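S.K.: Please see the structure below; I have some questions.
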Amino acid sequence: MKELHELVGAIHIHTTFSDGTGHYADVIRQASEVGLEFLLFSDHNTLEPKRMGREGFHNGMLVGIGYEINDRDLHNHLLAFQIDDEVCNGLDPVEYTRRVVAAGGWAVVAHPDERRNRLKEFPPYPWTAWESNDFQAMEIWNALSEWMEKLTQHNKFWLYLNPRRSVTAPTQWTLEKWDQLNAGRRVVGTGGVDVHAHHYPIWRNLSVVIFPYKVQFRSIQSHVLLEEPPDKNDGASALRQLFTALRSGRVFVSNRYVGDARGFRFWAEDEKNGPAVYQMGDRLPAGSQVRFEVKLPAEATQAILLKDSKPVGRCRDDAFKCLSEGPGVYRIEVRKGRRAFIYSNPIVIEAA
Ligand SMILES: [Zn+2]
Ligand SMILES: [Zn+2]
């Protein structure tokens with residue numbers, strides 16, 4: 001089997017171009033220090049840094065720039081990458097998603113399942129425009145969103161000081177919604193750090209930085225599998241490679257706080273017709289029968305194969321093989337002890 005080239009990075013980053021506190025160069029430096037290889041920035045409502053020519057390699061870090069759109073009520077956040085101009089303001093989410101995709105962009109639904117109502121200063125911003133059939137991806141795990149979901153008046157200071165402790169797993173609702181969507185069409189699952197490094201006042205002149213960039217970069221990471229190593233001499237070409245792999249669904253999401261997920265692989269081999277190999281994101285015609293294979297990183301303890309959100313196979317070894325059982329959305333969840341560690345994108349066998 002051909003070896004794919006893994007790039008580990010962070011998606012959904014805010015800077016001083018909107019409500020983040022970090023400058024581009026500083027954010028990139030902090031990401032390099034924790035070993036990331038790419039960053040996808042998404043400031044609110046502006047592509048200004050892209051127009052300033054900040055995409056490409058910065059001391060070896062591959063930087064892509066999109067932006068985050070919201071509706072009039074500040075709901076329905078959409079990350080738009082690979083476009084050059086902002087769509088006009090004031091549109092409803094179905095329409096701005098349509099326009100992003102029509103302009104050739106890659107549209108990612110951000111933090112789809114926020115419900116919190118305990119602290120009025122942190123209202124939820126869920127995605128509600130599920131009638132849209134245009135978005136090509138959704139965040140299945142957003143570190144900031146999960147942290148905020150758990151905030152209460154009683155625990156907030158503890159959570160301010162221990163930001164990564166609260167990030168334990170995506171919501172079941174998100175995962176089931178994602179699987180249902182993939183039964184009909186490919187919707188790629190991505191990880192989101194949603195980092196702002198906000199300063200929150202806690203007492204008199206004292207403030208605390210919630211989720212500094214460096215801390216957040218060691219939480220939810222996205223691992224993208226490229227056909228070839230990125231072209232280090234040409235940022236534009238390397239970004240095309242990165243987005244081609246992302247759009248194809250060749251990506252898995254991990255929580256770096258739990259362990260180093262590099263080297264995880266999930267693929268399928270054709271049982272009937274010989275050497276064909278399928279990767280995450282692939283959609284196979286009805287009637288296909290495949291053998292799923294998984295390679296686990298050293299730190300994993302348990303892999304679960306799910307079909308349409310239900311477990312159908314389990315293993316505790318470093319590798320496992322499992323046959324498909326008819327049409328369905330097949331993906332892997334990996335645990336380390338009791339903690340959620342890795343979420344693969346699915347391989348789908350279409351219904352007849
Ligand atoms: Zn948002
Ligand atoms: Zn955001």
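Within each chain, counting starts at residue 1; across the structure tokens, chains are named A, B, ... in the order shown, with ligands numbered 1 upward in that order.
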Skipping near chain neighbours, those fewer than 6 positions away, what residues fall within 10 Å of Ala286 of chain A using only C-alpha atoms, listed as a compact mmCIF listing (two decimals) with N, CA and C atoms, in the first residue's frame?
M.R.:
# COMPACT_ATOMS: atom_id res chain seq x y z
N GLY A 326 -22.41 -4.99 4.77
CA GLY A 326 -23.42 -4.27 4.00
C GLY A 326 -23.18 -2.78 3.96
N PRO A 327 -24.14 -2.03 3.40
CA PRO A 327 -23.96 -0.58 3.25
C PRO A 327 -23.93 0.12 4.60
N GLY A 328 -23.20 1.22 4.67
CA GLY A 328 -23.15 1.96 5.93
C GLY A 328 -21.99 2.94 5.96
N VAL A 348 -17.36 4.94 3.31
CA VAL A 348 -18.80 4.70 3.18
C VAL A 348 -19.08 3.66 2.10
N ILE A 349 -19.91 2.69 2.40
CA ILE A 349 -20.44 1.80 1.37
C ILE A 349 -21.88 2.26 1.11
N GLU A 350 -22.11 2.73 -0.10
CA GLU A 350 -23.41 3.34 -0.41
C GLU A 350 -24.53 2.30 -0.39
N ALA A 351 -25.73 2.78 -0.05
CA ALA A 351 -26.90 1.90 -0.11
C ALA A 351 -27.32 1.73 -1.57
N ALA A 352 -28.00 0.63 -1.87
CA ALA A 352 -28.39 0.34 -3.26
C ALA A 352 -29.38 1.40 -3.75
S.K.: Ligand 2: which residues are within 10 Å, counting only C-alpha atoms and all ligand atoms, as number ranges by chain?
M.R.: A: 11-14, 18-20, 41-44, 67-70, 77-79, 110-111, 142, 144-145, 192-196
S.K.: Find the spatial neighbours of segment 293-297 of chain A, counting only C-alpha atoms, within a cut-off of 8 Å - ignore same-chain residues fewer than 2 positions away - and output them as a CSV table (one decimal) with N, CA and C atoms, in the first residue's frame.
M.R.:
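Contents of around23.csv, freshly written:
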chain,number,residue,atom,x,y,z
A,260,ASP,N,0.0,11.2,21.4
A,260,ASP,CA,0.5,11.5,20.1
A,260,ASP,C,-0.1,10.5,19.1
A,261,ALA,N,-1.0,11.0,18.3
A,261,ALA,CA,-1.7,10.2,17.4
A,261,ALA,C,-1.1,9.9,16.0
A,262,ARG,N,0.1,10.5,15.8
A,262,ARG,CA,0.8,10.4,14.5
A,262,ARG,C,0.9,8.9,14.2
A,263,GLY,N,0.7,8.6,12.9
A,263,GLY,CA,0.9,7.2,12.5
A,263,GLY,C,-0.4,6.4,12.5
A,264,PHE,N,-1.5,6.9,13.1
A,264,PHE,CA,-2.8,6.2,13.0
A,264,PHE,C,-3.2,6.1,11.5
A,265,ARG,N,-3.7,5.0,11.1
A,265,ARG,CA,-4.2,4.8,9.8
A,265,ARG,C,-5.5,4.0,9.8
A,266,PHE,N,-6.4,4.3,8.9
A,266,PHE,CA,-7.6,3.5,8.7
A,266,PHE,C,-7.9,3.4,7.2
A,267,TRP,N,-7.9,2.2,6.7
A,267,TRP,CA,-8.2,2.0,5.3
A,267,TRP,C,-9.0,0.7,5.1
A,268,ALA,N,-9.3,0.5,3.8
A,268,ALA,CA,-10.1,-0.7,3.5
A,268,ALA,C,-9.5,-1.4,2.3
A,269,GLU,N,-9.5,-2.7,2.2
A,269,GLU,CA,-9.1,-3.4,1.1
A,269,GLU,C,-10.2,-4.2,0.5
A,291,ARG,N,-12.4,-5.3,3.6
A,291,ARG,CA,-11.8,-5.6,4.9
A,291,ARG,C,-11.2,-4.3,5.5
A,299,GLU,N,0.3,4.7,21.8
A,299,GLU,CA,-0.3,5.1,23.0
A,299,GLU,C,-1.8,4.7,23.1
A,300,ALA,N,-2.4,4.2,22.0
A,300,ALA,CA,-3.8,3.9,22.0
A,300,ALA,C,-4.0,2.5,22.7
A,303,ALA,N,-9.5,0.4,19.9
A,303,ALA,CA,-10.1,0.9,18.7
A,303,ALA,C,-11.5,0.3,18.5
A,318,ASP,N,-2.4,-3.6,18.3
A,318,ASP,CA,-1.9,-2.5,17.6
A,318,ASP,C,-2.5,-2.5,16.2
A,319,ALA,N,-3.1,-3.5,15.7
A,319,ALA,CA,-3.7,-3.6,14.4
A,319,ALA,C,-5.0,-4.4,14.4
A,320,PHE,N,-5.9,-4.1,13.6
A,320,PHE,CA,-7.1,-5.0,13.5
A,320,PHE,C,-7.7,-5.1,12.1
A,321,LYS,N,-8.4,-6.2,11.9
A,321,LYS,CA,-9.0,-6.4,10.6
A,321,LYS,C,-10.4,-6.7,10.8
A,322,CYS,N,-11.4,-6.2,10.0
A,322,CYS,CA,-12.8,-6.5,10.3
A,322,CYS,C,-13.5,-6.4,8.9
S.K.: Need to verify the contact set: Asp179 of chain A, 10 Å, only C-alpha atoms, exclusion of same-chain residues closer than 5 positions in sequence. Can you return it as a PDB file with C-alpha atoms, in the first residue's frame?
M.R.:
ATOM      1  CA  TRP A 173     -25.343  14.372  18.892  1.00  0.00           C
ATOM      2  CA  THR A 174     -22.583  15.796  16.682  1.00  0.00           C
ATOM      3  CA  GLY A 184     -26.182  10.762   1.809  1.00  0.00           C
ATOM      4  CA  ARG A 185     -23.062  12.696   0.773  1.00  0.00           C
ATOM      5  CA  ARG A 186     -19.503  13.286   1.896  1.00  0.00           C
ATOM      6  CA  VAL A 187     -19.240  15.693   4.824  1.00  0.00           C
ATOM      7  CA  GLY A 189     -15.118  15.898   9.854  1.00  0.00           C
ATOM      8  CA  LEU A 306     -18.590   1.986  14.122  1.00  0.00           C
ATOM      9  CA  LYS A 307     -21.180   1.463  11.434  1.00  0.00           C
ATOM     10  CA  ASP A 308     -23.874   4.181  11.320  1.00  0.00           C
ATOM     11  CA  SER A 309     -22.864   5.298  14.851  1.00  0.00           C
ATOM     12  CA  GLY A 328     -23.152   1.960   5.932  1.00  0.00           C
ATOM     13  CA  VAL A 329     -20.937   4.748   7.237  1.00  0.00           C
ATOM     14  CA  TYR A 330     -17.883   3.044   8.759  1.00  0.00           C
ATOM     15  CA  ARG A 331     -15.400   4.907  10.934  1.00  0.00           C
ATOM     16  CA  ASN A 345     -13.209  10.140   8.818  1.00  0.00           C
ATOM     17  CA  PRO A 346     -15.526   7.474   7.435  1.00  0.00           C
ATOM     18  CA  VAL A 348     -18.797   4.702   3.182  1.00  0.00           C
TER      19      VAL A 348
END
S.K.: Could you write out, as an NGL selection string, all the residues of segment 78-262 of chain A that DSSP marks as strand (DSSP E)?
M.R.: :A and (78-81 or 106-109 or 137-142 or 188-192 or 199-203 or 206-209 or 220-226 or 251-255)
S.K.: May I have the residues within 7 Å of segment 50-56 of chain A as number ranges by chain, using only C-alpha atoms and disregarding those fewer than 2 positions away in the same chain?
M.R.: A: 47-48, 58, 62-65, 235-236
S.K.: Those selected residues, please, written with N, CA, C and O atoms and delivered as a compact mmCIF listing (two decimals), in the first residue's frame.
M.R.:
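Result went into result-v6.txt, see below:
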# COMPACT_ATOMS: atom_id res chain seq x y z
N LEU A 47 -10.99 38.67 5.26
CA LEU A 47 -9.91 37.95 4.58
C LEU A 47 -8.70 38.87 4.38
O LEU A 47 -7.82 38.60 3.57
N GLU A 48 -8.66 39.94 5.16
CA GLU A 48 -7.59 40.92 5.01
C GLU A 48 -6.19 40.29 5.08
O GLU A 48 -5.34 40.58 4.23
N HIS A 58 5.91 29.87 6.35
CA HIS A 58 6.59 30.81 7.24
C HIS A 58 7.54 29.97 8.09
O HIS A 58 7.10 29.26 9.00
N LEU A 62 3.19 25.75 7.16
CA LEU A 62 2.29 26.03 6.04
C LEU A 62 1.04 26.75 6.57
O LEU A 62 0.34 26.23 7.44
N VAL A 63 0.79 27.94 6.06
CA VAL A 63 -0.31 28.77 6.55
C VAL A 63 -1.37 28.96 5.46
O VAL A 63 -1.05 29.40 4.36
N GLY A 64 -2.61 28.61 5.80
CA GLY A 64 -3.75 28.87 4.92
C GLY A 64 -4.70 29.84 5.63
O GLY A 64 -4.81 29.83 6.85
N ILE A 65 -5.36 30.69 4.85
CA ILE A 65 -6.20 31.73 5.46
C ILE A 65 -7.60 31.73 4.86
O ILE A 65 -7.78 31.87 3.65
N GLY A 235 4.43 27.53 -1.63
CA GLY A 235 3.35 27.54 -0.65
C GLY A 235 1.99 27.33 -1.29
O GLY A 235 1.15 26.61 -0.75
N ALA A 236 1.76 27.95 -2.45
CA ALA A 236 0.45 27.84 -3.10
C ALA A 236 0.19 26.40 -3.51
O ALA A 236 -0.91 25.87 -3.32
